[in-house]
>>> print(open('model-v9.csv').read())   # CSV, C-alpha atoms and all ligand atoms
chain,number,residue,atom,x,y,z
A,1,MET,CA,0.0,0.0,0.0
A,2,LEU,CA,1.3,3.4,-1.0
A,3,ASP,CA,1.3,6.4,1.4
A,4,GLY,CA,-1.0,9.4,1.0
A,5,ARG,CA,1.1,11.1,-1.6
A,6,LEU,CA,-0.4,9.2,-4.5
A,7,GLU,CA,-4.0,10.0,-3.3
A,8,LYS,CA,-3.0,13.6,-3.1
A,9,ILE,CA,-1.7,13.6,-6.7
A,10,LEU,CA,-4.7,11.8,-8.0
A,11,SER,CA,-7.1,14.2,-6.3
A,12,VAL,CA,-5.7,17.1,-8.3
A,13,PHE,CA,-6.6,15.4,-11.6
A,14,GLU,CA,-10.2,14.6,-10.7
A,15,GLY,CA,-10.3,11.3,-12.6
A,16,LYS,CA,-9.6,12.8,-16.1
A,17,LYS,CA,-8.5,10.0,-18.3
A,18,GLY,CA,-6.5,12.4,-20.5
A,19,ALA,CA,-4.4,13.3,-17.5
A,20,LEU,CA,-2.6,9.9,-17.5
A,21,ILE,CA,0.8,11.2,-18.6
A,22,SER,CA,0.6,14.2,-16.3
A,23,ILE,CA,-0.2,11.9,-13.4
A,24,LEU,CA,2.6,9.6,-14.3
A,25,GLN,CA,5.0,12.6,-14.4
A,26,ARG,CA,3.8,13.8,-11.0
A,27,VAL,CA,4.1,10.4,-9.4
A,28,GLN,CA,7.6,10.0,-10.8
A,29,GLU,CA,8.6,13.4,-9.4
A,30,GLU,CA,7.2,12.4,-6.0
A,31,TYR,CA,8.6,8.9,-5.7
A,32,GLY,CA,11.6,9.0,-8.1
A,33,TYR,CA,10.1,6.2,-10.2
A,34,LEU,CA,6.7,4.6,-10.9
A,35,PRO,CA,6.0,1.9,-8.3
A,36,GLN,CA,3.9,-1.0,-9.6
A,37,GLU,CA,1.3,-0.4,-6.9
A,38,ALA,CA,0.9,3.2,-8.1
A,39,LEU,CA,0.3,2.0,-11.7
A,40,ALA,CA,-2.4,-0.3,-10.5
A,41,GLU,CA,-4.0,2.4,-8.4
A,42,ILE,CA,-3.8,5.0,-11.3
A,43,ALA,CA,-5.5,2.5,-13.6
A,44,GLY,CA,-8.3,1.9,-11.1
A,45,TYR,CA,-8.7,5.6,-10.4
A,46,LEU,CA,-8.9,6.5,-14.1
A,47,LYS,CA,-11.0,3.4,-14.9
A,48,LEU,CA,-8.4,2.4,-17.5
A,49,PRO,CA,-7.1,-1.1,-18.2
A,50,ALA,CA,-3.9,-1.7,-16.2
A,51,SER,CA,-2.3,-2.8,-19.5
A,52,GLN,CA,-2.9,0.6,-21.0
A,53,VAL,CA,-1.3,2.4,-18.1
A,54,PHE,CA,1.6,0.0,-18.1
A,55,SER,CA,2.2,0.4,-21.8
A,56,VAL,CA,2.2,4.2,-21.6
A,57,ALA,CA,4.6,4.0,-18.6
A,58,THR,CA,7.0,1.7,-20.6
A,59,PHE,CA,6.7,3.6,-23.9
A,60,TYR,CA,8.4,6.7,-22.8
A,61,ALA,CA,12.1,6.4,-21.9
A,62,HIS,CA,11.5,9.2,-19.4
A,63,PHE,CA,9.6,7.0,-17.1
A,64,HIS,CA,11.3,4.5,-14.7
A,65,LEU,CA,9.6,1.4,-13.2
A,66,ALA,CA,12.4,0.6,-10.8
A,67,ARG,CA,13.7,2.7,-7.9
A,68,ARG,CA,16.7,4.6,-8.9
A,69,GLY,CA,19.7,6.0,-7.1
A,70,ASP,CA,19.8,9.4,-5.3
A,71,HIS,CA,22.4,10.4,-7.9
A,72,LEU,CA,22.1,9.8,-11.6
A,73,VAL,CA,25.4,9.4,-13.5
A,74,LYS,CA,25.1,9.8,-17.3
A,75,VAL,CA,28.0,9.1,-19.6
A,76,CYS,CA,27.6,10.4,-23.2
A,77,GLN,CA,28.1,7.8,-25.9
A,78,GLY,CA,27.5,10.1,-28.9
A,79,THR,CA,29.9,10.1,-31.8
A,80,ALA,CA,32.2,13.0,-30.6
A,81,CYS,CA,32.4,11.5,-27.1
A,82,HIS,CA,32.9,8.0,-28.5
A,83,VAL,CA,35.9,9.0,-30.6
A,84,ARG,CA,37.4,10.7,-27.5
A,85,GLY,CA,37.2,7.7,-25.3
A,86,ALA,CA,33.6,7.6,-24.0
A,87,ARG,CA,33.7,3.8,-23.8
A,88,ASP,CA,36.6,3.9,-21.4
A,89,ILE,CA,34.9,6.5,-19.4
A,90,LEU,CA,31.8,4.4,-19.1
A,91,GLU,CA,33.8,1.3,-18.1
A,92,THR,CA,35.6,3.3,-15.5
A,93,ALA,CA,32.3,4.5,-14.1
A,94,GLN,CA,30.9,1.0,-14.0
A,95,TYR,CA,34.0,-0.3,-12.3
A,96,ARG,CA,34.1,2.5,-9.7
A,97,LEU,CA,30.4,2.1,-8.9
A,98,GLY,CA,30.4,-1.7,-9.1
A,99,ILE,CA,27.4,-1.7,-11.4
A,100,LYS,CA,26.6,-2.1,-15.1
A,101,THR,CA,25.0,0.6,-17.3
A,102,GLY,CA,21.3,0.8,-16.5
A,103,GLN,CA,21.7,-0.5,-12.9
A,104,THR,CA,21.5,1.1,-9.5
A,105,THR,CA,24.0,0.6,-6.6
A,106,GLU,CA,22.7,-1.6,-3.8
A,107,ASP,CA,22.6,1.3,-1.4
A,108,TYR,CA,20.5,3.3,-3.9
A,109,LYS,CA,23.1,6.1,-4.0
A,110,TYR,CA,23.8,5.9,-7.8
A,111,SER,CA,22.2,4.9,-11.0
A,112,LEU,CA,24.3,4.7,-14.2
A,113,GLU,CA,23.1,5.5,-17.7
A,114,ARG,CA,24.6,5.8,-21.1
A,115,VAL,CA,23.0,8.7,-23.1
A,116,ALA,CA,23.2,9.9,-26.7
A,117,CYS,CA,24.7,13.2,-27.7
A,118,LEU,CA,24.1,15.9,-25.0
A,119,GLY,CA,24.7,18.6,-27.5
A,120,SER,CA,28.1,19.8,-26.2
A,121,CYS,CA,30.3,17.9,-28.5
A,122,ALA,CA,33.2,20.4,-28.3
A,123,LEU,CA,33.5,19.5,-24.6
A,124,ALA,CA,33.7,15.7,-25.3
A,125,PRO,CA,33.9,13.4,-23.6
A,126,ILE,CA,31.2,14.4,-21.2
A,127,MET,CA,29.8,12.9,-18.0
A,128,VAL,CA,26.8,14.4,-16.1
A,129,VAL,CA,26.1,13.8,-12.4
A,130,ASP,CA,22.6,15.0,-11.6
A,131,ASP,CA,22.6,18.5,-13.0
A,132,THR,CA,26.4,19.0,-13.1
A,133,VAL,CA,28.1,18.6,-16.4
A,134,TYR,CA,31.7,17.5,-16.4
A,135,PRO,CA,33.5,18.3,-19.6
A,136,GLN,CA,36.6,16.5,-21.1
A,137,VAL,CA,36.5,13.9,-18.4
A,138,THR,CA,39.4,11.5,-18.0
A,139,MET,CA,39.4,8.2,-16.2
A,140,LYS,CA,41.3,9.8,-13.3
A,141,LYS,CA,38.7,12.7,-13.1
A,142,ILE,CA,35.9,10.2,-12.9
A,143,ILE,CA,37.3,8.6,-9.8
A,144,GLU,CA,37.7,12.1,-8.3
A,145,ILE,CA,34.2,13.2,-9.3
A,146,LEU,CA,32.6,10.0,-7.9
A,147,ASN,CA,34.7,10.1,-4.7
A,148,ASN,CA,33.6,13.7,-4.1
A,149,ASN,CA,30.0,12.8,-4.7
A,150,LYS,CA,30.3,9.8,-2.4
A,151,ASP,CA,31.7,12.1,0.3
A,152,ASP,CA,28.8,14.6,-0.2
A,153,ALA,CA,26.3,11.7,-0.1
A,154,SER,CA,27.8,10.4,3.2
A,155,LYS,CA,27.8,13.9,4.7
A,156,LYS,CA,24.2,14.3,3.8
A,157,ASP,CA,23.4,10.9,5.4
A,158,THR,CA,25.2,11.9,8.5
A,159,GLU,CA,23.5,15.3,8.7
A,160,SER,CA,20.1,13.9,8.1
A,161,LYS,CA,20.6,11.2,10.8
A,162,LYS,CA,21.7,14.0,13.3
A,163,SER,CA,18.6,16.1,12.7
B,1,LIG,S1,28.6,13.3,-28.5
B,1,LIG,FE1,28.8,13.7,-26.4
B,1,LIG,S2,28.0,15.7,-26.3
B,1,LIG,FE2,27.8,15.3,-28.4
>>> encode(input="model-v9.csv", output="C-alpha cells", more="lines below")
Ligand code: FES
Amino acid sequence: MLDGRLEKILSVFEGKKGALISILQRVQEEYGYLPQEALAEIAGYLKLPASQVFSVATFYAHFHLARRGDHLVKVCQGTACHVRGARDILETAQYRLGIKTGQTTEDYKYSLERVACLGSCALAPIMVVDDTVYPQVTMKKIIEILNNNKDDASKKDTESKKS
C-alpha cells in the first residue's frame, strides 16, 4: 500500500483519463520512479485497463519502473564523445560504482546510464552527475568526481541522521 502522496496527486486530476501522462510525471517526481502499486491504483482511479497504463509507462524512456539511485550518473556515448574515449569513461564509471549501465547501486546512491549526444560535443567526452556537467573527463577525473559525490552523499546521510 502506498502512502497518502499518491492519493493527493490523483485528487488534483479529478479522474480525467486524458491526464494519464501528467499523473505519471507527478508520481515519478514524487517517488523518483513509478511503483507497480501506483500504476495499478492509477488504472483503477482513471478506470483504464492496467495494461494501458503500463504500456504508456513503458513507452516513454523518461519513465522508470524501478527505484533509482539518489544520484544519476550519465555518460555520453554520442559520436564525438565516442571518438574521445567515452567507452573507457563508461567502463571506469561501471568499475568505480560496481554496477553495469542501467543499474543502481545496492545502497541506492547511484544509477548509471549511457546517453546519446548531449549537444556539447566540443567538450567531449562528457559525464553528467545530476545537473552538473563534467566536460573533457578522463578516467582519473571520474574517480575524483565520484569520490567527491560519495563524500557529499555520506555527509548528507550523517547530517540527516543528526537532525
Ligand atoms: S557526442 Fe557527447 S556531447 Fe555530443
>>> closest_residue(input="model-v9.csv", among="A:Lys109, A:Lys47, A:His82, A:Arg96", to="Gly18 (chain A)", atoms="all atoms listed in the file")
A:Lys47
>>> closest_atom_pairs(input="model-v9.csv", of="chain A", to="ligand LIG 1 (chain B)", cutoff="9 Å", atoms="only C-alpha atoms and all ligand atoms", output="tab-separated table")
residue	atom	partner	partner_atom	distance
A:Val75	CA	B:LIG1	FE1	8.2
A:Cys76	CA	B:LIG1	FE1	4.8
A:Gln77	CA	B:LIG1	FE1	6.0
A:Gly78	CA	B:LIG1	S1	3.4
A:Thr79	CA	B:LIG1	S1	4.8
A:Ala80	CA	B:LIG1	S1	4.2
A:Cys81	CA	B:LIG1	FE1	4.3
A:His82	CA	B:LIG1	S1	6.8
A:Val83	CA	B:LIG1	S1	8.7
A:Ala86	CA	B:LIG1	FE1	8.1
A:Val115	CA	B:LIG1	FE1	8.3
A:Ala116	CA	B:LIG1	S1	6.6
A:Cys117	CA	B:LIG1	FE2	3.8
A:Leu118	CA	B:LIG1	S2	4.1
A:Gly119	CA	B:LIG1	S2	4.6
A:Ser120	CA	B:LIG1	S2	4.1
A:Cys121	CA	B:LIG1	FE2	3.6
A:Ala122	CA	B:LIG1	S2	7.3
A:Leu123	CA	B:LIG1	S2	6.9
A:Ala124	CA	B:LIG1	FE1	5.4
A:Pro125	CA	B:LIG1	FE1	5.8
A:Ile126	CA	B:LIG1	FE1	5.8
A:Met127	CA	B:LIG1	FE1	8.5
>>> atom_distance(input="model-v9.csv", atom1="CA of Gln103 (chain A)", atom2="CA of Arg68 (chain A)")
8.2 Å
>>> residues_near_point(input="model-v9.csv", point="(22.8, 3.8, -7.5)", cutoff="12 Å", atoms="only C-alpha atoms", output="PyMOL selection string")
chain A and resi 66-74+93-94+96-113+129-130+146+149-150+153
>>> residues_around(input="model-v9.csv", residues="Met139 (chain A)", least_positions_apart="3", cutoff="9 Å", atoms="all atoms listed in the file", output="PyMOL selection string")
chain A and resi 88-90+92-93+142-144
>>> closest_residue(input="model-v9.csv", among="A:Ala61, A:Val133, A:Ala43, A:Ala50", to="Ala19 (chain A)", atoms="only C-alpha atoms")
A:Ala43
>>> atom_distance(input="model-v9.csv", atom1="CA of Pro135 (chain A)", atom2="CA of Asn148 (chain A)")
16.2 Å
>>> atom_distance(input="model-v9.csv", atom1="CA of Leu20 (chain A)", atom2="CA of Leu2 (chain A)")
18.2 Å
>>> closest_residue(input="model-v9.csv", among="A:Ala40, A:Leu34, A:Leu46, A:Val137", to="Leu10 (chain A)", atoms="all atoms listed in the file")
A:Leu46
>>> closest_residue(input="model-v9.csv", among="A:Gly85, A:Leu6, A:Ser11, A:Gln28", to="Ala57 (chain A)", atoms="only C-alpha atoms")
A:Gln28
>>> closest_residue(input="model-v9.csv", among="A:Val53, A:Leu48, A:Val128, A:Ile145", to="Gly15 (chain A)", atoms="all atoms listed in the file")
A:Leu48
>>> closest_residue(input="model-v9.csv", among="A:Arg87, A:Gln136, A:Ile21, A:Tyr95", to="Thr58 (chain A)", atoms="only C-alpha atoms")
A:Ile21
>>> decode(input="model-v9.csv", residues="region 53-116 of chain A", atoms="C-alpha atoms", output="PDB file, in the first residue's frame")
ATOM      1  CA  VAL A  53      -1.319   2.427 -18.056  1.00  0.00           C
ATOM      2  CA  PHE A  54       1.615   0.005 -18.114  1.00  0.00           C
ATOM      3  CA  SER A  55       2.155   0.416 -21.843  1.00  0.00           C
ATOM      4  CA  VAL A  56       2.216   4.231 -21.559  1.00  0.00           C
ATOM      5  CA  ALA A  57       4.645   3.987 -18.619  1.00  0.00           C
ATOM      6  CA  THR A  58       6.968   1.703 -20.581  1.00  0.00           C
ATOM      7  CA  PHE A  59       6.661   3.560 -23.905  1.00  0.00           C
ATOM      8  CA  TYR A  60       8.391   6.735 -22.766  1.00  0.00           C
ATOM      9  CA  ALA A  61      12.081   6.413 -21.876  1.00  0.00           C
ATOM     10  CA  HIS A  62      11.536   9.233 -19.382  1.00  0.00           C
ATOM     11  CA  PHE A  63       9.558   6.955 -17.057  1.00  0.00           C
ATOM     12  CA  HIS A  64      11.253   4.456 -14.748  1.00  0.00           C
ATOM     13  CA  LEU A  65       9.602   1.407 -13.242  1.00  0.00           C
ATOM     14  CA  ALA A  66      12.360   0.594 -10.788  1.00  0.00           C
ATOM     15  CA  ARG A  67      13.684   2.657  -7.933  1.00  0.00           C
ATOM     16  CA  ARG A  68      16.733   4.629  -8.943  1.00  0.00           C
ATOM     17  CA  GLY A  69      19.721   5.995  -7.080  1.00  0.00           C
ATOM     18  CA  ASP A  70      19.843   9.363  -5.307  1.00  0.00           C
ATOM     19  CA  HIS A  71      22.404  10.444  -7.907  1.00  0.00           C
ATOM     20  CA  LEU A  72      22.108   9.848 -11.626  1.00  0.00           C
ATOM     21  CA  VAL A  73      25.386   9.439 -13.492  1.00  0.00           C
ATOM     22  CA  LYS A  74      25.121   9.793 -17.273  1.00  0.00           C
ATOM     23  CA  VAL A  75      27.963   9.103 -19.645  1.00  0.00           C
ATOM     24  CA  CYS A  76      27.555  10.395 -23.178  1.00  0.00           C
ATOM     25  CA  GLN A  77      28.134   7.799 -25.879  1.00  0.00           C
ATOM     26  CA  GLY A  78      27.496  10.062 -28.871  1.00  0.00           C
ATOM     27  CA  THR A  79      29.934  10.076 -31.777  1.00  0.00           C
ATOM     28  CA  ALA A  80      32.160  12.958 -30.624  1.00  0.00           C
ATOM     29  CA  CYS A  81      32.400  11.519 -27.113  1.00  0.00           C
ATOM     30  CA  HIS A  82      32.894   8.025 -28.512  1.00  0.00           C
ATOM     31  CA  VAL A  83      35.945   9.030 -30.556  1.00  0.00           C
ATOM     32  CA  ARG A  84      37.377  10.730 -27.473  1.00  0.00           C
ATOM     33  CA  GLY A  85      37.207   7.682 -25.261  1.00  0.00           C
ATOM     34  CA  ALA A  86      33.628   7.573 -23.965  1.00  0.00           C
ATOM     35  CA  ARG A  87      33.725   3.774 -23.835  1.00  0.00           C
ATOM     36  CA  ASP A  88      36.635   3.855 -21.376  1.00  0.00           C
ATOM     37  CA  ILE A  89      34.854   6.534 -19.366  1.00  0.00           C
ATOM     38  CA  LEU A  90      31.753   4.369 -19.096  1.00  0.00           C
ATOM     39  CA  GLU A  91      33.779   1.289 -18.149  1.00  0.00           C
ATOM     40  CA  THR A  92      35.605   3.257 -15.466  1.00  0.00           C
ATOM     41  CA  ALA A  93      32.308   4.537 -14.051  1.00  0.00           C
ATOM     42  CA  GLN A  94      30.934   0.976 -14.042  1.00  0.00           C
ATOM     43  CA  TYR A  95      34.036  -0.299 -12.285  1.00  0.00           C
ATOM     44  CA  ARG A  96      34.052   2.523  -9.724  1.00  0.00           C
ATOM     45  CA  LEU A  97      30.356   2.142  -8.905  1.00  0.00           C
ATOM     46  CA  GLY A  98      30.379  -1.651  -9.123  1.00  0.00           C
ATOM     47  CA  ILE A  99      27.354  -1.730 -11.415  1.00  0.00           C
ATOM     48  CA  LYS A 100      26.599  -2.108 -15.105  1.00  0.00           C
ATOM     49  CA  THR A 101      24.975   0.552 -17.262  1.00  0.00           C
ATOM     50  CA  GLY A 102      21.270   0.803 -16.489  1.00  0.00           C
ATOM     51  CA  GLN A 103      21.740  -0.474 -12.933  1.00  0.00           C
ATOM     52  CA  THR A 104      21.539   1.116  -9.492  1.00  0.00           C
ATOM     53  CA  THR A 105      23.968   0.560  -6.628  1.00  0.00           C
ATOM     54  CA  GLU A 106      22.717  -1.627  -3.792  1.00  0.00           C
ATOM     55  CA  ASP A 107      22.623   1.342  -1.418  1.00  0.00           C
ATOM     56  CA  TYR A 108      20.502   3.323  -3.943  1.00  0.00           C
ATOM     57  CA  LYS A 109      23.076   6.108  -4.031  1.00  0.00           C
ATOM     58  CA  TYR A 110      23.817   5.933  -7.770  1.00  0.00           C
ATOM     59  CA  SER A 111      22.244   4.910 -11.033  1.00  0.00           C
ATOM     60  CA  LEU A 112      24.343   4.747 -14.168  1.00  0.00           C
ATOM     61  CA  GLU A 113      23.084   5.474 -17.668  1.00  0.00           C
ATOM     62  CA  ARG A 114      24.554   5.848 -21.106  1.00  0.00           C
ATOM     63  CA  VAL A 115      23.043   8.661 -23.122  1.00  0.00           C
ATOM     64  CA  ALA A 116      23.174   9.852 -26.713  1.00  0.00           C
TER      65      ALA A 116
END
